[in-house]
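S.K.: If you scroll down you'll find the structure; I have some questions about it.
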Amino acid sequence: PLELNPANTGYFAGTFRIGGLYRTQWQGLSITADGFNGGGNFSGFQTPSAFVDVPFGIPKKGNAGGLRNWMGAGVSFYMDRVSQLSNLSASISLAYHIGLGMQGNTIISFGLQGGIAQYRIVDPTQLVFEDAILASGGGVVNPTLTSEVISNSNVTLPDFSGGVMVT
């Protein structure tokens with residue numbers, strides 16, 4: 001929920017929330033592009049992720065009158081890997097939830113998230129682009145026939161997002 005919308009941070013009734021997901025697709029499938037650097041292997045997708053968040057100051061049910069509000073804080077991690085490409089992200093989320101009306105039934109939530117994202121190519125020589133396939137004329141693929149140039153195979157960037165939610 002934190003990656004979906006930072007305003008979800010701390011939006012639950014409880015002490016803390018921990019979640020995780022491990023998604024894999026085509027893991028047992030191994031594809032080799034014949035005649036190209038002895039391989040060009042594809043071995044499936046892997047996407048593990050985890051998060052934890054905590055609400056602070058949740059109003060008790062049955063309290064009468066006025067504005068009800070609370071905050072939430074959380075951290076999340078995810079990685080997405082397929083063959084030679086991987087993405088890694090780690091972030092911190094903060095949210096503020098405002099309950100409106102006498103019963104506080106309408107809630108407006110604002111969330112901010114900040115962290116780092118790393119994009120990495122393990123071996124750029126193993127990548128095959130469309131122009132190399134077309135230049136090979138449908139025969140043996142030669143990756144040196146591409147005009148693509150990868151100048152940096154490991155990039156780390158700041159990653160920020162925000163969100164609003166009305167319930």
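By convention here, the chains of the structure tokens are called A, B, ... in the order presented, each chain's residues are numbered starting at 1, and ligands are numbered starting at 1 in the order presented.
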Could you list, as a PDB file with N, CA and C atoms, in the first residue's frame, every residue within 6 Å of A:Phe56, counting only C-alpha atoms and ignoring same-chain residues fewer than 4 positions away?
M.R.:
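Final output, saved to part_12.pdb:
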ATOM      1  N   TRP A  70      -4.562  11.977  12.777  1.00  0.00           N
ATOM      2  CA  TRP A  70      -3.436  11.172  13.198  1.00  0.00           C
ATOM      3  C   TRP A  70      -2.411  11.132  12.077  1.00  0.00           C
ATOM      4  N   MET A  71      -1.245  10.630  12.416  1.00  0.00           N
ATOM      5  CA  MET A  71      -0.153  10.530  11.442  1.00  0.00           C
ATOM      6  C   MET A  71       0.253   9.076  11.269  1.00  0.00           C
ATOM      7  N   GLY A  72       0.975   8.819  10.205  1.00  0.00           N
ATOM      8  CA  GLY A  72       1.536   7.495   9.975  1.00  0.00           C
ATOM      9  C   GLY A  72       2.940   7.622   9.417  1.00  0.00           C
TER      10      GLY A  72
END
S.K.: Stretch 118-131 of chain A: which residues within 6 Å, counting only C-alpha atoms, same-chain residues fewer than 5 positions away excluded, as a list in words?
M.R.: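 Residues meeting the cut-off are Gly40, Gln84, Leu85, Ser86, Asn87, Leu88, Pro143, Thr146, Ser153, Asn154, Val155 and Thr156 of chain A.
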S.K.: Convert the current residue selection to file output with N, CA and C atoms, as a PDB file, in the first residue's frame.
M.R.:
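Listing of again.pdb after writing:
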ATOM      1  N   GLY A  40      22.998 -14.806 -24.101  1.00  0.00           N
ATOM      2  CA  GLY A  40      21.897 -13.872 -24.035  1.00  0.00           C
ATOM      3  C   GLY A  40      20.765 -14.515 -23.255  1.00  0.00           C
ATOM      4  N   GLN A  84      19.523  -9.338 -17.115  1.00  0.00           N
ATOM      5  CA  GLN A  84      20.616  -8.387 -16.922  1.00  0.00           C
ATOM      6  C   GLN A  84      20.189  -7.063 -16.289  1.00  0.00           C
ATOM      7  N   LEU A  85      18.888  -6.853 -16.070  1.00  0.00           N
ATOM      8  CA  LEU A  85      18.386  -5.580 -15.550  1.00  0.00           C
ATOM      9  C   LEU A  85      17.858  -5.735 -14.136  1.00  0.00           C
ATOM     10  N   SER A  86      18.128  -4.736 -13.270  1.00  0.00           N
ATOM     11  CA  SER A  86      17.540  -4.748 -11.929  1.00  0.00           C
ATOM     12  C   SER A  86      17.246  -3.322 -11.476  1.00  0.00           C
ATOM     13  N   ASN A  87      16.150  -3.195 -10.748  1.00  0.00           N
ATOM     14  CA  ASN A  87      15.743  -1.936 -10.119  1.00  0.00           C
ATOM     15  C   ASN A  87      15.618  -2.194  -8.625  1.00  0.00           C
ATOM     16  N   LEU A  88      16.147  -1.294  -7.815  1.00  0.00           N
ATOM     17  CA  LEU A  88      16.080  -1.416  -6.369  1.00  0.00           C
ATOM     18  C   LEU A  88      15.611  -0.086  -5.812  1.00  0.00           C
ATOM     19  N   PRO A 143      24.893  -8.654 -31.720  1.00  0.00           N
ATOM     20  CA  PRO A 143      24.614  -7.468 -30.907  1.00  0.00           C
ATOM     21  C   PRO A 143      25.501  -6.270 -31.227  1.00  0.00           C
ATOM     22  N   THR A 146      24.127  -2.891 -33.283  1.00  0.00           N
ATOM     23  CA  THR A 146      23.203  -1.914 -32.710  1.00  0.00           C
ATOM     24  C   THR A 146      23.822  -0.520 -32.660  1.00  0.00           C
ATOM     25  N   SER A 153      25.956   1.978 -16.647  1.00  0.00           N
ATOM     26  CA  SER A 153      25.144   0.801 -16.369  1.00  0.00           C
ATOM     27  C   SER A 153      24.721   0.693 -14.911  1.00  0.00           C
ATOM     28  N   ASN A 154      25.031   1.703 -14.091  1.00  0.00           N
ATOM     29  CA  ASN A 154      24.636   1.700 -12.687  1.00  0.00           C
ATOM     30  C   ASN A 154      24.307   3.138 -12.277  1.00  0.00           C
ATOM     31  N   VAL A 155      23.023   3.425 -12.067  1.00  0.00           N
ATOM     32  CA  VAL A 155      22.591   4.783 -11.761  1.00  0.00           C
ATOM     33  C   VAL A 155      21.787   4.774 -10.466  1.00  0.00           C
ATOM     34  N   THR A 156      22.116   5.676  -9.539  1.00  0.00           N
ATOM     35  CA  THR A 156      21.354   5.850  -8.303  1.00  0.00           C
ATOM     36  C   THR A 156      20.798   7.265  -8.291  1.00  0.00           C
TER      37      THR A 156
END
S.K.: Which distance in Å separates atom CA of A:Leu134 and atom CA of A:Ser147, to one decimal?
M.R.: 11.8 Å
S.K.: May I have all residues of chain A that DSSP, computed from the backbone, assigns to helix (DSSP H, G or I), given as a PyMOL selection string?
M.R.: chain A and resi 6-8+124-126+130-135+143-145
S.K.: Nearest to A:Ile98: which of A:Ile150, A:Thr47, A:Tyr11, A:Ser76 is it, counting only C-alpha atoms?
M.R.: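 Selected residue with least distance to A:Ile98: A:Tyr11.
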S.K.: Taking into account only C-alpha atoms, which residue in the set A:Val166, A:Leu157, A:Thr144, A:Pro48 is nearest to A:Ile107?
M.R.: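 Ranked by minimum distance to A:Ile107, first place goes to A:Val166.
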S.K.: Could you tell me which of A:Gly101, A:Gly57, A:Gly115, A:Gly137 comes closest to A:Thr15 if we count only C-alpha atoms?
M.R.: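 Using only C-alpha atoms, A:Thr15 sits closest to A:Gly57.
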S.K.: Rounded to one decimal in Å, what is the spacing between atom CA of A:Ile18 and atom CA of A:Phe51?
M.R.: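 Straight-line distance from atom CA of A:Ile18 to atom CA of A:Phe51 works out to 5.8 Å.
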S.K.: Nearest to A:Arg81 among A:Arg23, A:Ala7, A:Gln103, A:Ser151, with distances taken over only C-alpha atoms: which residue is it?
M.R.: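 Under the stated criterion, the closest residue is A:Arg23.
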S.K.: Can you tell me, as a list in words, what residues are no more than 8 Å from A:Arg68 when counting only C-alpha atoms, ignoring any on the same chain fewer than 6 positions away?
M.R.: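 The contact residues come out as Pro59, Ile98, Gly99, Leu100 and Gly104 of chain A.
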S.K.: Find the residues around A:Thr9 up to 12 Å (only C-alpha atoms counted), leave out those fewer than 2 positions away in its own chain, and share them as a ChimeraX atom specification.
M.R.: /A:1-7,11-13,16-18,51-56,70-76,91-97,109-113,162-165
S.K.: How would the residues just chosen look if you wrote them out with N, CA and C atoms as a compact mmCIF listing (two decimals), in the first residue's frame?
M.R.:
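What follows is the written file part.txt:
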# COMPACT_ATOMS: atom_id res chain seq x y z
N PRO A 1 0.80 -1.22 0.00
CA PRO A 1 0.00 0.00 0.00
C PRO A 1 0.84 1.28 0.00
N LEU A 2 2.05 1.24 0.54
CA LEU A 2 2.88 2.44 0.59
C LEU A 2 3.39 2.82 -0.79
N GLU A 3 3.68 1.84 -1.62
CA GLU A 3 4.12 2.13 -2.99
C GLU A 3 2.97 2.54 -3.88
N LEU A 4 1.77 2.06 -3.58
CA LEU A 4 0.60 2.43 -4.35
C LEU A 4 0.26 3.90 -4.16
N ASN A 5 0.22 4.35 -2.91
CA ASN A 5 -0.08 5.74 -2.59
C ASN A 5 0.49 6.03 -1.20
N PRO A 6 1.40 7.00 -1.06
CA PRO A 6 1.97 7.30 0.25
C PRO A 6 0.92 7.73 1.28
N ALA A 7 -0.27 8.16 0.84
CA ALA A 7 -1.34 8.54 1.77
C ALA A 7 -1.91 7.32 2.50
N TYR A 11 -2.80 4.20 7.58
CA TYR A 11 -4.25 4.24 7.43
C TYR A 11 -4.83 2.86 7.73
N PHE A 12 -4.86 2.51 9.00
CA PHE A 12 -5.46 1.27 9.47
C PHE A 12 -5.60 1.38 10.98
N ALA A 13 -6.44 0.55 11.56
CA ALA A 13 -6.62 0.53 13.01
C ALA A 13 -5.80 -0.62 13.58
N PHE A 16 0.81 -1.83 14.36
CA PHE A 16 1.73 -1.73 13.24
C PHE A 16 1.26 -2.69 12.16
N ARG A 17 1.81 -2.53 10.96
CA ARG A 17 1.45 -3.39 9.83
C ARG A 17 2.74 -3.75 9.09
N ILE A 18 2.92 -5.03 8.87
CA ILE A 18 4.08 -5.53 8.14
C ILE A 18 3.56 -6.34 6.96
N PHE A 51 7.33 -4.01 3.41
CA PHE A 51 7.03 -2.71 4.01
C PHE A 51 6.62 -2.88 5.46
N VAL A 52 6.74 -1.82 6.21
CA VAL A 52 6.22 -1.74 7.58
C VAL A 52 5.76 -0.30 7.80
N ASP A 53 4.59 -0.14 8.43
CA ASP A 53 4.14 1.21 8.78
C ASP A 53 3.42 1.19 10.11
N VAL A 54 3.36 2.37 10.73
CA VAL A 54 2.83 2.55 12.08
C VAL A 54 1.96 3.81 12.11
N PRO A 55 0.74 3.71 12.66
CA PRO A 55 -0.05 4.92 12.88
C PRO A 55 0.25 5.50 14.27
N PHE A 56 0.16 6.81 14.38
CA PHE A 56 0.37 7.48 15.66
C PHE A 56 -0.88 8.29 16.00
N TRP A 70 -4.56 11.98 12.78
CA TRP A 70 -3.44 11.17 13.20
C TRP A 70 -2.41 11.13 12.08
N MET A 71 -1.25 10.63 12.42
CA MET A 71 -0.15 10.53 11.44
C MET A 71 0.25 9.08 11.27
N GLY A 72 0.98 8.82 10.21
CA GLY A 72 1.54 7.50 9.97
C GLY A 72 2.94 7.62 9.42
N ALA A 73 3.78 6.66 9.76
CA ALA A 73 5.15 6.62 9.23
C ALA A 73 5.46 5.20 8.80
N GLY A 74 6.27 5.06 7.75
CA GLY A 74 6.60 3.72 7.28
C GLY A 74 7.82 3.70 6.39
N VAL A 75 8.31 2.49 6.16
CA VAL A 75 9.43 2.27 5.24
C VAL A 75 9.04 1.15 4.28
N SER A 76 9.58 1.19 3.07
CA SER A 76 9.31 0.14 2.09
C SER A 76 10.54 -0.09 1.22
N SER A 91 12.47 3.47 0.49
CA SER A 91 11.84 4.78 0.75
C SER A 91 11.22 4.86 2.14
N ILE A 92 11.04 6.10 2.58
CA ILE A 92 10.39 6.43 3.85
C ILE A 92 9.12 7.20 3.52
N SER A 93 8.02 6.86 4.20
CA SER A 93 6.73 7.52 3.94
C SER A 93 6.21 8.17 5.21
N LEU A 94 5.60 9.33 5.04
CA LEU A 94 4.89 10.03 6.12
C LEU A 94 3.52 10.44 5.61
N ALA A 95 2.51 10.30 6.46
CA ALA A 95 1.16 10.69 6.05
C ALA A 95 0.45 11.37 7.22
N TYR A 96 -0.47 12.26 6.87
CA TYR A 96 -1.31 12.95 7.86
C TYR A 96 -2.76 12.73 7.45
N HIS A 97 -3.56 12.23 8.40
CA HIS A 97 -4.96 11.89 8.14
C HIS A 97 -5.86 12.81 8.97
N SER A 109 -6.52 12.31 3.53
CA SER A 109 -5.15 11.90 3.86
C SER A 109 -4.17 12.49 2.86
N PHE A 110 -3.05 12.98 3.38
CA PHE A 110 -1.97 13.52 2.56
C PHE A 110 -0.71 12.72 2.88
N GLY A 111 0.02 12.29 1.86
CA GLY A 111 1.23 11.51 2.11
C GLY A 111 2.39 11.96 1.24
N LEU A 112 3.58 11.84 1.80
CA LEU A 112 4.83 12.12 1.09
C LEU A 112 5.76 10.94 1.24
N GLN A 113 6.54 10.68 0.21
CA GLN A 113 7.47 9.56 0.23
C GLN A 113 8.77 9.99 -0.42
N GLY A 162 4.16 11.80 -3.88
CA GLY A 162 3.16 12.28 -2.94
C GLY A 162 1.80 11.73 -3.33
N GLY A 163 0.86 11.81 -2.41
CA GLY A 163 -0.47 11.32 -2.71
C GLY A 163 -1.52 11.94 -1.81
N VAL A 164 -2.74 11.92 -2.30
CA VAL A 164 -3.91 12.40 -1.57
C VAL A 164 -4.97 11.33 -1.67
N MET A 165 -5.73 11.14 -0.59
CA MET A 165 -6.78 10.14 -0.58
C MET A 165 -7.97 10.69 0.22
